[in-house]
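S.K.: The following file, input_39.csv, comprises CSV, C-alpha atoms and all ligand atoms:
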chain,number,residue,atom,x,y,z
A,1,MET,CA,23.2,25.2,-26.9
A,2,TYR,CA,19.8,25.0,-25.1
A,3,GLU,CA,21.3,25.0,-21.6
A,4,GLU,CA,21.0,28.8,-21.2
A,5,MET,CA,17.5,28.9,-22.6
A,6,LYS,CA,14.2,28.9,-20.6
A,7,PRO,CA,12.6,25.6,-19.6
A,8,GLU,CA,9.6,26.1,-21.9
A,9,THR,CA,12.1,26.4,-24.8
A,10,GLN,CA,14.1,23.4,-23.7
A,11,ALA,CA,10.9,21.2,-23.4
A,12,ILE,CA,10.3,22.0,-27.1
A,13,ARG,CA,13.8,22.1,-28.6
A,14,ILE,CA,15.7,19.2,-26.9
A,15,GLN,CA,15.4,16.6,-29.6
A,16,THR,CA,17.0,13.4,-30.9
A,17,ARG,CA,19.6,14.0,-33.6
A,18,ARG,CA,18.0,14.2,-37.1
A,19,THR,CA,18.3,11.1,-39.3
A,20,ALA,CA,19.2,11.2,-43.0
A,21,GLU,CA,15.5,11.9,-43.8
A,22,MET,CA,15.9,15.4,-42.3
A,23,GLU,CA,12.6,15.1,-40.4
A,24,HIS,CA,11.5,18.1,-38.3
A,25,SER,CA,9.7,16.2,-35.5
A,26,THR,CA,11.3,13.2,-33.8
A,27,PRO,CA,10.3,9.9,-35.5
A,28,LEU,CA,9.3,6.8,-33.5
A,29,PHE,CA,12.2,4.4,-33.0
A,30,LEU,CA,10.3,1.1,-32.8
A,31,THR,CA,13.3,-1.2,-32.7
A,32,SER,CA,14.2,-3.7,-30.0
A,33,GLY,CA,17.8,-3.9,-31.0
A,34,PHE,CA,20.6,-1.7,-32.5
A,35,CYS,CA,23.3,-2.7,-35.0
A,36,TYR,CA,27.0,-2.2,-35.3
A,37,ASP,CA,29.4,-1.7,-38.2
A,38,ALA,CA,32.1,-3.8,-36.7
A,39,ALA,CA,32.5,-6.6,-34.1
A,40,GLU,CA,35.0,-4.3,-32.2
A,41,ASP,CA,32.2,-1.6,-31.8
A,42,MET,CA,29.8,-4.2,-30.5
A,43,ALA,CA,32.4,-5.5,-28.0
A,44,ALA,CA,33.1,-2.0,-26.9
A,45,ALA,CA,29.4,-1.3,-26.3
A,46,PHE,CA,29.2,-4.3,-23.9
A,47,ALA,CA,32.6,-3.7,-22.2
A,48,ASP,CA,31.7,-0.3,-20.7
A,49,ASP,CA,28.2,0.3,-19.3
A,50,THR,CA,28.7,4.0,-19.1
A,51,LEU,CA,29.1,4.4,-22.9
A,52,ASP,CA,26.4,6.5,-24.6
A,53,VAL,CA,25.5,3.9,-27.2
A,54,ASN,CA,22.2,2.1,-27.9
A,55,ILE,CA,22.4,-1.7,-27.5
A,56,TYR,CA,18.8,-2.9,-26.8
A,57,SER,CA,15.6,-1.0,-26.0
A,58,ARG,CA,15.4,-2.4,-22.5
A,59,PHE,CA,18.6,-0.5,-21.8
A,60,SER,CA,18.1,2.6,-23.9
A,61,ASN,CA,16.3,4.0,-26.9
A,62,PRO,CA,16.4,7.3,-28.7
A,63,ASN,CA,12.7,8.2,-27.9
A,64,VAL,CA,13.2,7.2,-24.2
A,65,ASP,CA,16.4,9.2,-24.1
A,66,GLU,CA,14.8,12.3,-25.5
A,67,PHE,CA,12.1,12.2,-22.8
A,68,ILE,CA,14.7,11.7,-20.1
A,69,ARG,CA,16.8,14.6,-21.3
A,70,LYS,CA,13.8,16.9,-21.3
A,71,ILE,CA,12.6,16.0,-17.9
A,72,SER,CA,16.1,16.1,-16.3
A,73,THR,CA,16.6,19.5,-17.8
A,74,LEU,CA,13.2,20.7,-16.5
A,75,GLU,CA,14.0,19.4,-13.0
A,76,GLY,CA,17.6,20.8,-13.0
A,77,ALA,CA,19.1,17.3,-12.7
A,78,ASP,CA,22.1,15.8,-14.3
A,79,ASP,CA,20.4,12.7,-15.7
A,80,GLY,CA,17.4,10.3,-15.3
A,81,ILE,CA,16.0,6.9,-16.0
A,82,ALA,CA,12.5,6.2,-17.4
A,83,THR,CA,10.2,3.3,-16.4
A,84,GLY,CA,6.9,1.9,-17.7
A,85,THR,CA,4.8,3.4,-14.8
A,86,GLY,CA,5.3,5.7,-11.9
A,87,MET,CA,5.1,2.8,-9.5
A,88,ALA,CA,8.0,1.1,-11.3
A,89,ALA,CA,10.1,4.2,-10.8
A,90,ILE,CA,9.3,4.2,-7.1
A,91,PHE,CA,9.9,0.5,-6.7
A,92,ALA,CA,13.2,0.7,-8.7
A,93,THR,CA,14.3,3.5,-6.4
A,94,PHE,CA,13.6,1.5,-3.2
A,95,MET,CA,15.3,-1.7,-4.7
A,96,THR,CA,18.4,0.2,-5.9
A,97,PHE,CA,19.2,2.2,-2.8
A,98,LEU,CA,17.8,0.1,0.1
A,99,SER,CA,19.3,-3.2,1.5
A,100,GLN,CA,18.3,-5.7,4.1
A,101,GLY,CA,18.5,-4.0,7.6
A,102,ASP,CA,18.0,-0.4,6.2
A,103,HIS,CA,15.5,1.9,7.6
A,104,LEU,CA,13.3,4.4,5.7
A,105,ILE,CA,11.3,7.4,7.0
A,106,SER,CA,8.3,8.3,4.9
A,107,ALA,CA,5.5,10.8,5.1
A,108,SER,CA,2.3,9.0,6.2
A,109,ALA,CA,0.3,10.5,3.4
A,110,VAL,CA,1.8,9.0,0.3
A,111,PHE,CA,0.2,7.5,-2.8
A,112,GLY,CA,-1.7,4.3,-2.0
A,113,SER,CA,0.4,1.8,-3.9
A,114,THR,CA,3.6,3.4,-2.5
A,115,HIS,CA,2.2,2.9,1.0
A,116,THR,CA,1.5,-0.8,0.1
A,117,ILE,CA,5.1,-1.3,-1.0
A,118,LEU,CA,6.4,0.2,2.2
A,119,THR,CA,4.1,-1.8,4.5
A,120,LYS,CA,3.7,-5.1,2.6
A,121,TYR,CA,6.7,-5.7,0.4
A,122,LEU,CA,9.8,-4.0,1.8
A,123,PRO,CA,9.5,-5.7,5.2
A,124,LYS,CA,9.8,-9.1,3.3
A,125,TRP,CA,13.4,-8.0,2.6
A,126,GLY,CA,14.1,-6.7,6.1
A,127,ILE,CA,13.5,-3.0,5.3
A,128,GLN,CA,11.4,-1.3,7.9
A,129,SER,CA,9.7,2.1,7.6
A,130,THR,CA,8.4,4.7,10.1
A,131,TYR,CA,6.0,7.5,9.2
A,132,PHE,CA,5.7,11.2,10.1
A,133,ASP,CA,2.8,13.6,9.8
A,134,MET,CA,3.5,16.1,6.9
A,135,ARG,CA,2.1,18.9,9.1
A,136,LYS,CA,4.9,18.2,11.8
A,137,PRO,CA,8.2,18.2,10.0
A,138,GLU,CA,10.1,18.8,13.2
A,139,THR,CA,9.1,15.3,14.4
A,140,ILE,CA,11.4,13.7,11.6
A,141,MET,CA,14.5,14.4,13.8
A,142,ASN,CA,13.3,11.9,16.5
A,143,LEU,CA,12.7,9.2,13.9
A,144,ILE,CA,16.2,9.0,12.6
A,145,GLN,CA,18.0,5.8,13.4
A,146,PRO,CA,21.7,4.8,12.8
A,147,ASN,CA,20.5,2.7,9.9
A,148,THR,CA,18.2,5.3,8.3
A,149,ARG,CA,19.1,5.4,4.7
A,150,MET,CA,16.2,7.2,2.9
A,151,LEU,CA,13.6,9.9,3.5
A,152,TYR,CA,10.6,9.8,1.2
A,153,LEU,CA,7.7,12.2,0.7
A,154,GLU,CA,5.2,13.9,-1.7
A,155,THR,CA,4.5,17.6,-1.6
A,156,PRO,CA,1.7,18.7,-2.1
A,157,SER,CA,0.4,15.4,-0.7
A,158,ASN,CA,-2.4,13.3,-2.2
A,159,PRO,CA,-5.3,13.9,-1.5
A,160,GLY,CA,-4.8,16.2,1.5
A,161,LEU,CA,-2.6,18.8,-0.3
A,162,ASP,CA,-0.4,19.1,2.7
A,163,ILE,CA,2.9,21.0,2.0
A,164,ILE,CA,6.2,20.5,3.6
A,165,ASP,CA,9.2,22.9,3.6
A,166,LEU,CA,11.6,21.1,1.2
A,167,ALA,CA,14.6,23.3,2.1
A,168,PHE,CA,14.1,22.3,5.8
A,169,VAL,CA,14.0,18.6,5.0
A,170,GLY,CA,16.7,18.8,2.4
A,171,GLU,CA,19.1,20.4,4.9
A,172,LEU,CA,18.2,17.8,7.6
A,173,CYS,CA,18.9,14.9,5.2
A,174,ARG,CA,22.1,16.4,3.9
A,175,SER,CA,23.5,16.9,7.5
A,176,ARG,CA,22.6,13.3,8.4
A,177,GLY,CA,23.7,11.7,5.2
A,178,ILE,CA,20.2,10.5,4.3
A,179,LEU,CA,19.0,10.1,0.7
A,180,PHE,CA,16.2,12.5,0.2
A,181,VAL,CA,13.6,11.3,-2.4
A,182,VAL,CA,10.6,13.4,-3.5
A,183,ASP,CA,7.6,12.3,-5.6
A,184,ASN,CA,7.0,15.5,-7.4
A,185,CYS,CA,4.0,14.3,-9.4
A,186,PHE,CA,1.4,16.8,-8.1
A,187,ALA,CA,3.6,19.9,-8.6
A,188,THR,CA,5.4,19.0,-11.9
A,189,PRO,CA,8.8,20.7,-12.6
A,190,VAL,CA,6.9,23.7,-13.9
A,191,ASN,CA,5.7,24.5,-10.4
A,192,GLN,CA,8.4,23.0,-8.2
A,193,GLN,CA,12.0,21.7,-8.6
A,194,PRO,CA,12.9,19.8,-5.4
A,195,ILE,CA,16.5,19.4,-6.4
A,196,ARG,CA,17.0,23.1,-5.8
A,197,PHE,CA,15.9,22.5,-2.2
A,198,GLY,CA,18.2,19.6,-1.6
A,199,ALA,CA,16.4,16.5,-2.9
A,200,ASP,CA,18.7,13.8,-4.2
A,201,LEU,CA,16.2,12.1,-6.4
A,202,VAL,CA,12.9,13.3,-7.9
A,203,ILE,CA,10.3,10.8,-9.1
A,204,HIS,CA,7.3,11.3,-11.4
A,205,SER,CA,4.3,9.4,-12.5
A,206,ALA,CA,4.5,10.7,-16.1
A,207,THR,CA,1.0,9.2,-16.5
A,208,LYS,CA,-0.5,12.3,-14.9
A,209,TRP,CA,0.3,15.9,-15.8
A,210,MET,CA,3.2,15.0,-18.1
A,211,ASP,CA,1.1,13.2,-20.5
A,212,GLY,CA,-1.8,15.4,-19.5
A,213,GLN,CA,-4.4,13.7,-21.7
A,214,GLY,CA,-4.9,10.4,-19.8
A,215,ARG,CA,-3.6,8.2,-22.6
A,216,VAL,CA,-0.3,6.6,-21.6
A,217,LEU,CA,1.5,5.3,-18.5
A,218,GLY,CA,5.1,6.2,-17.7
A,219,GLY,CA,7.5,7.0,-14.9
A,220,VAL,CA,10.8,8.7,-14.4
A,221,VAL,CA,13.5,9.3,-11.7
A,222,VAL,CA,16.0,12.1,-12.0
A,223,GLY,CA,19.1,13.1,-10.0
A,224,ARG,CA,22.9,13.2,-9.9
A,225,LYS,CA,24.8,11.1,-12.4
A,226,GLU,CA,26.3,8.6,-10.0
A,227,LEU,CA,22.9,7.8,-8.4
A,228,ILE,CA,21.1,7.6,-11.8
A,229,HIS,CA,23.8,5.2,-13.1
A,230,GLN,CA,22.9,2.8,-10.3
A,231,LEU,CA,19.2,3.1,-11.1
A,232,TYR,CA,20.0,2.6,-14.8
A,233,LEU,CA,21.8,-0.7,-14.1
A,234,PHE,CA,18.8,-1.9,-12.0
A,235,VAL,CA,16.3,-1.0,-14.8
A,236,ARG,CA,18.5,-2.4,-17.5
A,237,ASN,CA,18.8,-5.7,-15.8
A,238,THR,CA,15.4,-6.1,-14.2
A,239,GLY,CA,13.3,-4.7,-17.1
A,240,PRO,CA,10.7,-2.2,-15.9
A,241,SER,CA,11.7,0.0,-19.0
A,242,LEU,CA,9.6,2.6,-20.7
A,243,SER,CA,8.3,1.6,-24.1
A,244,PRO,CA,9.6,3.8,-27.0
A,245,PHE,CA,6.0,4.5,-28.1
A,246,ASN,CA,5.0,5.8,-24.7
A,247,ALA,CA,8.2,7.8,-24.5
A,248,TRP,CA,7.5,9.4,-27.9
A,249,ILE,CA,4.0,10.5,-26.7
A,250,LEU,CA,5.4,11.8,-23.3
A,251,SER,CA,8.2,13.7,-25.0
A,252,LYS,CA,5.7,15.3,-27.4
A,253,SER,CA,3.4,16.1,-24.4
A,254,LEU,CA,6.2,18.0,-22.6
A,255,GLU,CA,6.3,20.5,-25.4
A,256,THR,CA,3.0,21.9,-24.0
A,257,LEU,CA,3.6,21.2,-20.3
A,258,HIS,CA,4.2,24.8,-19.3
A,259,LEU,CA,1.3,26.1,-21.3
A,260,ARG,CA,-1.0,23.4,-19.8
A,261,MET,CA,0.2,23.7,-16.2
A,262,GLU,CA,-0.3,27.5,-16.3
A,263,LYS,CA,-3.9,27.0,-17.5
A,264,HIS,CA,-4.6,24.1,-15.0
A,265,ALA,CA,-3.4,26.3,-12.2
A,266,ALA,CA,-5.3,29.4,-13.3
A,267,ASN,CA,-8.5,27.3,-13.6
A,268,ALA,CA,-7.8,25.7,-10.2
A,269,LEU,CA,-7.3,29.0,-8.4
A,270,GLU,CA,-10.5,30.5,-9.9
A,271,LEU,CA,-12.5,27.4,-8.9
A,272,ALA,CA,-11.0,27.4,-5.4
A,273,ARG,CA,-11.9,31.1,-4.9
A,274,ALA,CA,-15.5,30.5,-6.2
A,275,LEU,CA,-15.9,27.5,-3.9
A,276,GLU,CA,-14.6,29.4,-0.8
A,277,LYS,CA,-17.8,31.4,-1.1
A,278,ASN,CA,-20.1,28.3,-1.4
A,279,PRO,CA,-22.4,27.8,1.6
A,280,TYR,CA,-22.6,24.0,1.2
A,281,LEU,CA,-18.9,23.5,1.9
A,282,LYS,CA,-17.1,23.0,5.2
A,283,MET,CA,-13.6,23.5,3.8
A,284,VAL,CA,-11.8,24.3,0.5
A,285,LYS,CA,-8.1,23.7,0.1
A,286,TYR,CA,-5.7,24.8,-2.6
A,287,PRO,CA,-2.0,25.6,-2.1
A,288,PHE,CA,-2.3,29.1,-3.4
A,289,LEU,CA,-5.4,30.1,-1.3
A,290,GLU,CA,-4.4,32.4,1.6
A,291,SER,CA,-6.4,30.1,3.9
A,292,HIS,CA,-4.1,27.1,3.2
A,293,PRO,CA,-2.3,26.2,6.5
A,294,GLN,CA,1.1,26.1,4.6
A,295,TYR,CA,0.4,28.9,2.2
A,296,GLU,CA,3.6,30.7,3.0
A,297,ILE,CA,5.7,27.6,2.3
A,298,ALA,CA,3.8,27.0,-0.9
A,299,LYS,CA,4.5,30.5,-2.0
A,300,LYS,CA,8.2,30.1,-1.2
A,301,GLN,CA,8.8,26.8,-3.1
A,302,MET,CA,6.1,26.7,-5.8
A,303,ARG,CA,5.6,28.8,-8.8
A,304,ASP,CA,1.9,28.1,-9.1
A,305,GLY,CA,-0.5,26.0,-7.0
A,306,GLY,CA,-1.0,23.1,-9.5
A,307,GLY,CA,-4.2,21.6,-10.8
A,308,ILE,CA,-5.7,19.9,-7.7
A,309,VAL,CA,-8.4,21.4,-5.5
A,310,VAL,CA,-10.0,19.5,-2.6
A,311,PHE,CA,-13.1,20.4,-0.5
A,312,GLU,CA,-15.2,18.9,2.3
A,313,LEU,CA,-18.9,18.3,1.9
A,314,ALA,CA,-21.0,19.0,4.9
A,315,GLY,CA,-23.0,15.8,4.3
A,316,GLY,CA,-20.0,13.4,4.7
A,317,ILE,CA,-19.7,10.1,3.0
A,318,GLU,CA,-23.3,9.9,1.8
A,319,GLN,CA,-23.2,13.3,0.2
A,320,GLY,CA,-19.8,12.3,-1.4
A,321,ARG,CA,-21.6,9.6,-3.4
A,322,ARG,CA,-24.5,11.8,-4.2
A,323,PHE,CA,-22.2,14.6,-5.4
A,324,LEU,CA,-20.4,12.3,-7.9
A,325,ASN,CA,-23.8,11.1,-9.2
A,326,ALA,CA,-25.0,14.6,-9.7
A,327,MET,CA,-22.1,15.7,-11.9
A,328,GLN,CA,-23.0,16.3,-15.5
A,329,MET,CA,-19.8,17.1,-17.3
A,330,ILE,CA,-16.9,16.3,-14.9
A,331,SER,CA,-15.7,12.7,-15.1
A,332,MET,CA,-16.0,10.2,-12.3
A,333,THR,CA,-12.6,8.4,-12.3
A,334,ASN,CA,-9.7,8.0,-10.0
A,335,ASN,CA,-7.0,9.3,-12.4
A,336,LEU,CA,-5.7,12.8,-12.3
A,337,GLY,CA,-3.7,15.3,-14.5
A,338,ASP,CA,-6.0,15.2,-17.5
A,339,SER,CA,-7.3,17.9,-19.9
A,340,ARG,CA,-10.7,16.7,-18.7
A,341,SER,CA,-11.8,17.7,-15.2
A,342,ILE,CA,-12.1,14.7,-12.8
A,343,ALA,CA,-13.7,14.3,-9.4
A,344,SER,CA,-13.0,11.5,-7.0
A,345,HIS,CA,-14.2,10.7,-3.5
A,346,PRO,CA,-11.3,9.0,-1.7
A,347,ALA,CA,-13.3,7.8,1.4
A,348,SER,CA,-15.6,5.6,-0.7
A,349,THR,CA,-13.0,4.5,-3.3
A,350,THR,CA,-9.2,4.6,-3.2
A,351,HIS,CA,-9.1,4.7,0.6
A,352,SER,CA,-12.2,2.7,1.4
A,353,LYS,CA,-10.2,-0.2,2.8
A,354,LEU,CA,-8.6,1.9,5.5
A,355,SER,CA,-10.3,2.3,8.9
A,356,GLU,CA,-11.9,5.7,9.8
A,357,THR,CA,-8.9,6.4,12.1
A,358,GLU,CA,-6.4,5.5,9.4
A,359,ARG,CA,-8.2,7.8,7.0
A,360,GLN,CA,-8.2,10.7,9.5
A,361,ALA,CA,-4.5,10.2,10.0
A,362,VAL,CA,-3.7,10.9,6.4
A,363,GLY,CA,-6.2,13.7,6.1
A,364,ILE,CA,-9.1,11.9,4.4
A,365,THR,CA,-12.3,13.1,5.9
A,366,PRO,CA,-15.7,11.4,5.0
A,367,GLY,CA,-16.9,14.2,2.6
A,368,LEU,CA,-13.5,15.0,1.0
A,369,ILE,CA,-13.8,15.5,-2.8
A,370,ARG,CA,-10.7,15.8,-5.0
A,371,ILE,CA,-11.0,17.7,-8.2
A,372,SER,CA,-8.3,17.4,-10.9
A,373,VAL,CA,-9.0,20.6,-12.7
A,374,GLY,CA,-8.9,20.3,-16.5
A,375,LEU,CA,-8.5,22.6,-19.4
A,376,GLU,CA,-12.2,23.2,-20.1
A,377,ALA,CA,-13.5,26.8,-19.8
A,378,VAL,CA,-13.4,27.5,-16.1
A,379,GLY,CA,-17.0,28.7,-16.0
A,380,ASP,CA,-18.2,25.3,-17.2
A,381,ILE,CA,-16.2,23.6,-14.5
A,382,ILE,CA,-17.5,25.9,-11.8
A,383,ASN,CA,-21.1,25.6,-13.0
A,384,ASP,CA,-21.0,21.8,-12.9
A,385,ILE,CA,-19.6,21.6,-9.4
A,386,GLU,CA,-22.0,24.2,-8.1
A,387,GLN,CA,-25.1,22.5,-9.5
A,388,ALA,CA,-23.8,19.1,-8.2
A,389,LEU,CA,-23.4,20.7,-4.8
A,390,GLU,CA,-26.9,22.0,-4.8
A,391,HIS,CA,-28.4,18.7,-6.0
A,392,SER,CA,-26.5,16.6,-3.5
A,393,ASN,CA,-27.2,18.7,-0.5
A,394,TYR,CA,-30.2,16.9,1.1
A,395,LYS,CA,-30.6,14.2,3.7
A,396,ASP,CA,-31.7,10.7,2.6
B,401,LIG,C1,-0.4,8.1,-9.9
B,401,LIG,C2,0.7,8.3,-8.9
B,401,LIG,C3,1.7,7.4,-8.7
B,401,LIG,C4,1.8,6.1,-9.5
B,401,LIG,O1,2.0,6.3,-10.9
B,401,LIG,P1,1.5,5.2,-12.0
B,401,LIG,O2,2.0,5.8,-13.2
B,401,LIG,O3,0.0,5.1,-11.9
B,401,LIG,O4,2.2,3.9,-11.7
B,401,LIG,C5,2.7,7.7,-7.8
B,401,LIG,N1,2.6,8.9,-7.1
B,401,LIG,C6,1.6,9.8,-7.2
B,401,LIG,C7,1.6,11.0,-6.4
B,401,LIG,C8,0.6,9.5,-8.2
B,401,LIG,O5,-0.4,10.4,-8.3
Starting from the file, lay out its structure as structure tokens.
Ligand SMILES: *Cc1c(COP(=O)(O)O)cnc(C)c1O

M.R.:
Amino acid sequence: MYEEMKPETQAIRIQTRRTAEMEHSTPLFLTSGFCYDAAEDMAAAFADDTLDVNIYSRFSNPNVDEFIRKISTLEGADDGIATGTGMAAIFATFMTFLSQGDHLISASAVFGSTHTILTKYLPKWGIQSTYFDMRKPETIMNLIQPNTRMLYLETPSNPGLDIIDLAFVGELCRSRGILFVVDNCFATPVNQQPIRFGADLVIHSATKWMDGQGRVLGGVVVGRKELIHQLYLFVRNTGPSLSPFNAWILSKSLETLHLRMEKHAANALELARALEKNPYLKMVKYPFLESHPQYEIAKKQMRDGGGIVVFELAGGIEQGRRFLNAMQMISMTNNLGDSRSIASHPASTTHSKLSETERQAVGITPGLIRISVGLEAVGDIINDIEQALEHSNYKD
């Protein structure tokens, strides 16, 4: 019944079937196991792993299923699986679809722990990766090998906000029989649905904008039924499952995802426009600013620019530290996708272990500040950033 309705309605109305209590909101199903009326029913549940019946909460749970149904619908996917964190979703995807001897092509600018899996863990099982620059999608062609099985990327990327033409990469992967996997965390399905552009699997860290209040961890992968079934069997047997409590929170959070993402994006665009006029900054980047190098692509594949704004301080790494110390309201933390605005300085924190050259290669300049724009009144966000810019702009 909800299939023909708008996504914002679906995110509210898709719900676990009412129990005999006739509750309006979905209750918490904190149960590890599920019962049967007859031994034959129990035998049937185990005999066919495609049956839609709850056995044990590592396999499935009504709260987890509700969350999966909502997010699959929002992404335009057949089905999905949920995991305890975004990293578990990413790792499960690699483990399910890659085998010894396979080759993977990845954008060089991907989430830090994803990069660690690609460089430190997958090679232990004989899976090699090569990397391309998000700003040069045409170079992907030359990286394809006979054993290339998967192409992996994030758009917009973290923290450089590089954007790649999803339709271009989708068509390339389709014609070469390569599995196309997109981490859609920064955009959320409100702003971008990669499956429409040819992605086979879409991954999210639900910890970020989906929860939206920085309280629970979660991950999800969505895609075609036959692919998801393989992932389901991996998660069911190896156990990175999402807890029912976190799923309950995440499903509840999705009821306001559209409303929140519209406000995050409106605040972010207003902040970016204000910062463009600021004399202390060398650069301001936001997907929906006309000055963004891939603005046209962003407009084509995204509904709004999302909630992340980055800028470059003229005073480099030292001013980066001073800027964080000068903030009065905005939080100093490395998380993102929260109702509270957050600032981080990748060069001195998340990416401090990389060499200067490695940082440059993924677009992390010394004075780069990433703002996860929250839901506070935009004037208060702008004021705090402007005063911190003023107070950090001196030489030691
Ligand atoms: C945070 C994040 C992840 C990892 O998610 P966790 O829930 O922290 O495990 C993966 N990709 C991107 C783009 C992220 O921002």

S.K.: Give me, please, the distance in Å between CA of Leu259 (chain A) and CA of Pro156 (chain A), quoted to one decimal.

M.R.: 20.6 Å

S.K.: Which is closest to ligand LIG 401 (chain B) among A:Ile369, A:Ala88, A:Ala388, A:Ala266, if we use only C-alpha atoms and all ligand atoms?

M.R.: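 Distance minimum relative to ligand LIG 401 (chain B) lands on A:Ala88.
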
S.K.: In Å, with one decimal, what is the gap from CA of Ala89 (chain A) to CA of Val64 (chain A)?

M.R.: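 For CA of Ala89 (chain A) relative to CA of Val64 (chain A), the distance reads 14.1 Å.
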
S.K.: Output the neighbourhood of ligand LIG 401 (chain B) as a list in words, that is, all protein and nucleic acid residues with some atom at most 6 Å from the ligand, counting all atoms listed in the file.

M.R.: Thr85, Gly86, Met87, Phe111, Cys185, Ser205, Thr207, Leu217, Gly218 and Gly219 of chain A

S.K.: If we count only C-alpha atoms, what is near region 342-356 of chain A at a cut-off of 6 Å, once residues fewer than 5 positions away on the same chain are taken out, given as a PDB file with C-alpha atoms, keeping the file's coordinate frame?

M.R.:
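Output saved as part_29.pdb:
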ATOM      1  CA  ILE A 330     -16.900  16.300 -14.900  1.00  0.00           C
ATOM      2  CA  SER A 331     -15.700  12.700 -15.100  1.00  0.00           C
ATOM      3  CA  MET A 332     -16.000  10.200 -12.300  1.00  0.00           C
ATOM      4  CA  ASN A 334      -9.700   8.000 -10.000  1.00  0.00           C
ATOM      5  CA  PRO A 366     -15.700  11.400   5.000  1.00  0.00           C
ATOM      6  CA  ILE A 369     -13.800  15.500  -2.800  1.00  0.00           C
ATOM      7  CA  ARG A 370     -10.700  15.800  -5.000  1.00  0.00           C
ATOM      8  CA  ILE A 371     -11.000  17.700  -8.200  1.00  0.00           C
ATOM      9  CA  SER A 372      -8.300  17.400 -10.900  1.00  0.00           C
TER      10      SER A 372
END

S.K.: Given the choices A:Pro287, A:Thr155, A:Gln15, A:Thr83, which gets closest to Arg236 (chain A) if the distance is worked out from only C-alpha atoms?

M.R.: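 Among the listed residues, A:Thr83 lies closest to Arg236 (chain A).
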
S.K.: Around the point (8.5, -5.1, 2.2) in the file's coordinates, collect all residues with an atom within 12 Å, using all atoms listed in the file, and return them as a PyMOL selection string.

M.R.: chain A and resi 91+94-95+98-104+114-129

S.K.: Find the residues near Glu255 (chain A): any atom within 8 Å, counting all atoms listed in the file, skip ones fewer than 3 places away on the same chain, and give them as a PyMOL selection string.

M.R.: chain A and resi 8+11-12+251-252+258

S.K.: Calculate how many Å separate CA of Ala361 (chain A) from CA of Pro194 (chain A), rounding to one decimal.

M.R.: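 Answer for the CA of Ala361 (chain A) to CA of Pro194 (chain A) separation: 25.1 Å.
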
S.K.: So, with all atoms listed in the file as the atoms that count, which of A:Glu296, A:Asp79, A:Asp304, A:Glu318 lies closest to Ile163 (chain A)?

M.R.: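 Ranking A:Glu296, A:Asp79, A:Asp304, A:Glu318 by distance to Ile163 (chain A), first place goes to A:Glu296.
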
S.K.: Taking (-2.0, 11.9, -21.9) in the coordinates of the supplied file, I want to know which residues reach to within 10 Å of it, counting only C-alpha atoms; could you give the answer as a ChimeraX atom specification?

M.R.: /A:206-217,246,249-250,253,337-339

S.K.: Here is a test: counting all atoms listed in the file, which residue of A:Ala272, A:Leu375, A:Ile81, A:Val181 is nearest to Lys285 (chain A)?

M.R.: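 For Lys285 (chain A), the nearest of the candidates is A:Ala272.
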
S.K.: Pick out the closest residue to Thr26 (chain A) from this set: A:Pro62, A:Pro189, A:Gly320, A:Pro7. Count only C-alpha atoms.

M.R.: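 Distance minimum relative to Thr26 (chain A) lands on A:Pro62.
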
S.K.: Closest to Val362 (chain A) among A:Leu242, A:Ile195, A:Leu271, A:Met134, using all atoms listed in the file?

M.R.: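 Comparing A:Leu242, A:Ile195, A:Leu271, A:Met134 against Val362 (chain A), the winner is A:Met134.
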
S.K.: Need to verify the contact set: Ala187 (chain A), 7 Å, only C-alpha atoms, exclusion of same-chain residues closer than 4 positions in sequence. Can you return it as JSON, numbers by chain?

M.R.: {"A": [156, 191, 192, 306]}

S.K.: Show which residues sit within 12 Å of Thr96 (chain A), as a PyMOL selection string. Count all atoms listed in the file, and ignore same-chain residues fewer than 5 positions away.

M.R.: chain A and resi 88-91+149-150+179+221+227-238

S.K.: For C-alpha atoms, I'd like the residues from the last selection saved as a PDB file, keeping the file's coordinate frame.

M.R.:
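Generated file (selection.pdb):
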ATOM      1  CA  ALA A  88       8.000   1.100 -11.300  1.00  0.00           C
ATOM      2  CA  ALA A  89      10.100   4.200 -10.800  1.00  0.00           C
ATOM      3  CA  ILE A  90       9.300   4.200  -7.100  1.00  0.00           C
ATOM      4  CA  PHE A  91       9.900   0.500  -6.700  1.00  0.00           C
ATOM      5  CA  ARG A 149      19.100   5.400   4.700  1.00  0.00           C
ATOM      6  CA  MET A 150      16.200   7.200   2.900  1.00  0.00           C
ATOM      7  CA  LEU A 179      19.000  10.100   0.700  1.00  0.00           C
ATOM      8  CA  VAL A 221      13.500   9.300 -11.700  1.00  0.00           C
ATOM      9  CA  LEU A 227      22.900   7.800  -8.400  1.00  0.00           C
ATOM     10  CA  ILE A 228      21.100   7.600 -11.800  1.00  0.00           C
ATOM     11  CA  HIS A 229      23.800   5.200 -13.100  1.00  0.00           C
ATOM     12  CA  GLN A 230      22.900   2.800 -10.300  1.00  0.00           C
ATOM     13  CA  LEU A 231      19.200   3.100 -11.100  1.00  0.00           C
ATOM     14  CA  TYR A 232      20.000   2.600 -14.800  1.00  0.00           C
ATOM     15  CA  LEU A 233      21.800  -0.700 -14.100  1.00  0.00           C
ATOM     16  CA  PHE A 234      18.800  -1.900 -12.000  1.00  0.00           C
ATOM     17  CA  VAL A 235      16.300  -1.000 -14.800  1.00  0.00           C
ATOM     18  CA  ARG A 236      18.500  -2.400 -17.500  1.00  0.00           C
ATOM     19  CA  ASN A 237      18.800  -5.700 -15.800  1.00  0.00           C
ATOM     20  CA  THR A 238      15.400  -6.100 -14.200  1.00  0.00           C
TER      21      THR A 238
END
